[in-house]
Amino acid sequence: DTGVSQNPRHKITKRGQNVTFRCDPISEHNRLYWYRQTLGQGPEFLTYFQNEAQLEKSRLLSDRFSAERPKGSFSTLEIQRTEQGDSAMYLCASSFAEGTEAFFGQGTRLTVV
Amino acid sequence: AQRVTQPEKLLSVFKGAPVELKCNYSYSGSPELFWYVQYSRQRLQLLLRHISRESIKGFTADLNKGETSFHLKKPFAQEEDSAMYYCALSVKGTYKYIFGTGTRLKVLA
């Protein structure tokens, strides 16, 4: 286990298409986070899982966004009917417990054209 | 509201000069604060956290509750310190980390 893994690394899609990203956290971490980062900004919280339960969703996460973490292992983030404003770096992170270090993946860069 | 402010987008210093990256936070409870660093083409990684009170790569950060600050300091900057630095707050009971907008540190030869 070499850390948090995200796939794909880059995604270019046409406006209106659906996209899905995958995150594989560090295996012993039961907490998983999704963040979004746009140019010139720090990572912004999107959603959080503890095991398979989605415990918090940001107001940034519109109805077009859905995240799952079946069986408390990997997670997927789906964006339906993509818009140009969805273009960003989507970061996944995992941690062992609240307040402990969050380990980040390398991110998926989404470009909506 | 919980908030992290990093007032400087860019900080340029010469090699060997002291560095201070500013971070202020807004939080009513007892904060848990972190500094994360992102080197070119690498993932975001933890540099240090306030409760461990350790020095990593020569960097230290002291939590000042009176001034609600957690500034990152290094006495002598090195070229390899050039990176993006983010201050982050872990909010108890809400599961999330709140990040500042980041400061790009450039260490000039």
# chains A, B, ... in the order shown; residues from 1 in each chain; ligands from 1

$ select_by_dssp --residues "range 39-95 of chain A" --states "strand (DSSP E or B)" --output "list of chain:residue names"
A:Glu44, A:Phe45, A:Leu46, A:Thr47, A:Tyr48, A:Phe49, A:Gln50, A:Ala53, A:Gln54, A:Leu55, A:Glu56, A:Lys57, A:Phe65, A:Ser66, A:Ala67, A:Glu68, A:Ser75, A:Thr76, A:Leu77, A:Glu78, A:Ile79, A:Ala88, A:Met89, A:Tyr90, A:Leu91, A:Cys92, A:Ala93, A:Ser94, A:Ser95

$ closest_atom_pairs --of "chain B" --to "chain A" --cutoff "6 Å" --atoms "only C-alpha atoms" --output "JSON lines"
{"residue": "B:Arg43", "atom": "CA", "partner": "A:Gln106", "partner_atom": "CA", "distance": 4.8}
{"residue": "B:Leu44", "atom": "CA", "partner": "A:Phe104", "partner_atom": "CA", "distance": 5.9}
{"residue": "B:Ser90", "atom": "CA", "partner": "A:Gly99", "partner_atom": "CA", "distance": 5.7}
{"residue": "B:Phe99", "atom": "CA", "partner": "A:Gly42", "partner_atom": "CA", "distance": 5.6}
{"residue": "B:Gly100", "atom": "CA", "partner": "A:Gly42", "partner_atom": "CA", "distance": 5.5}
{"residue": "B:Thr101", "atom": "CA", "partner": "A:Gly42", "partner_atom": "CA", "distance": 4.2}
{"residue": "B:Gly102", "atom": "CA", "partner": "A:Gly42", "partner_atom": "CA", "distance": 5.9}

$ residues_around --residues "Ser30 in chain B" --least-positions-apart "6" --cutoff "12 Å" --atoms "only C-alpha atoms" --output "list of chain:residue names"
A:Gly99, B:Gln2, B:His50, B:Ile51, B:Leu63, B:Asn64, B:Lys65, B:Gly66, B:Thr68, B:Leu89, B:Ser90, B:Val91, B:Lys92, B:Gly93

$ residues_around --residues "Leu21 in chain B" --least-positions-apart "4" --cutoff "8 Å" --atoms "only C-alpha atoms" --output "count of residues only"
7

$ residues_around --residues "Leu10 in chain B" --least-positions-apart "5" --cutoff "8 Å" --atoms "only C-alpha atoms" --output "list in words"
Thr103, Arg104, Leu105 and Lys106 of chain B

$ write_last_selection --atoms "N, CA and C atoms" --output "mmCIF file, in the first residue's frame"
data_model
loop_
_atom_site.group_PDB
_atom_site.id
_atom_site.type_symbol
_atom_site.label_atom_id
_atom_site.label_comp_id
_atom_site.auth_asym_id
_atom_site.auth_seq_id
_atom_site.Cartn_x
_atom_site.Cartn_y
_atom_site.Cartn_z
ATOM 1 N N THR B 103 -0.013 29.784 0.499
ATOM 2 C CA THR B 103 1.046 30.750 0.204
ATOM 3 C C THR B 103 2.126 30.041 -0.589
ATOM 4 N N ARG B 104 2.475 30.641 -1.726
ATOM 5 C CA ARG B 104 3.576 30.062 -2.511
ATOM 6 C C ARG B 104 4.873 30.661 -2.007
ATOM 7 N N LEU B 105 5.762 29.819 -1.558
ATOM 8 C CA LEU B 105 7.075 30.256 -1.095
ATOM 9 C C LEU B 105 8.101 30.027 -2.199
ATOM 10 N N LYS B 106 8.801 31.090 -2.556
ATOM 11 C CA LYS B 106 9.889 30.966 -3.528
ATOM 12 C C LYS B 106 11.179 31.356 -2.835
#

$ atom_distance --atom1 "CA of Phe70 in chain B" --atom2 "CA of Ser55 in chain B"
13.9 Å

$ residues_around --residues "range 57-59 of chain B" --least-positions-apart "3" --cutoff "12 Å" --atoms "only C-alpha atoms" --output "PyMOL selection string"
chain B and resi 18-21+35-37+46-50+53-54+62+71-78+80-81+85

$ closest_residue --among "B:Leu108, B:Tyr27, B:Ser12, B:Lys96" --to "Lys57 in chain A" --atoms "only C-alpha atoms"
B:Lys96

$ closest_residue --among "A:Ser87, A:Ser27, A:Ser94, A:Thr38" --to "His10 in chain A" --atoms "only C-alpha atoms"
A:Ser87

$ closest_residue --among "A:Glu52, A:Asp63, A:Glu78, A:Glu83" --to "Lys14 in chain A" --atoms "only C-alpha atoms"
A:Glu83

$ atom_distance --atom1 "CA of Tyr25 in chain B" --atom2 "CA of Thr5 in chain B"
6.1 Å
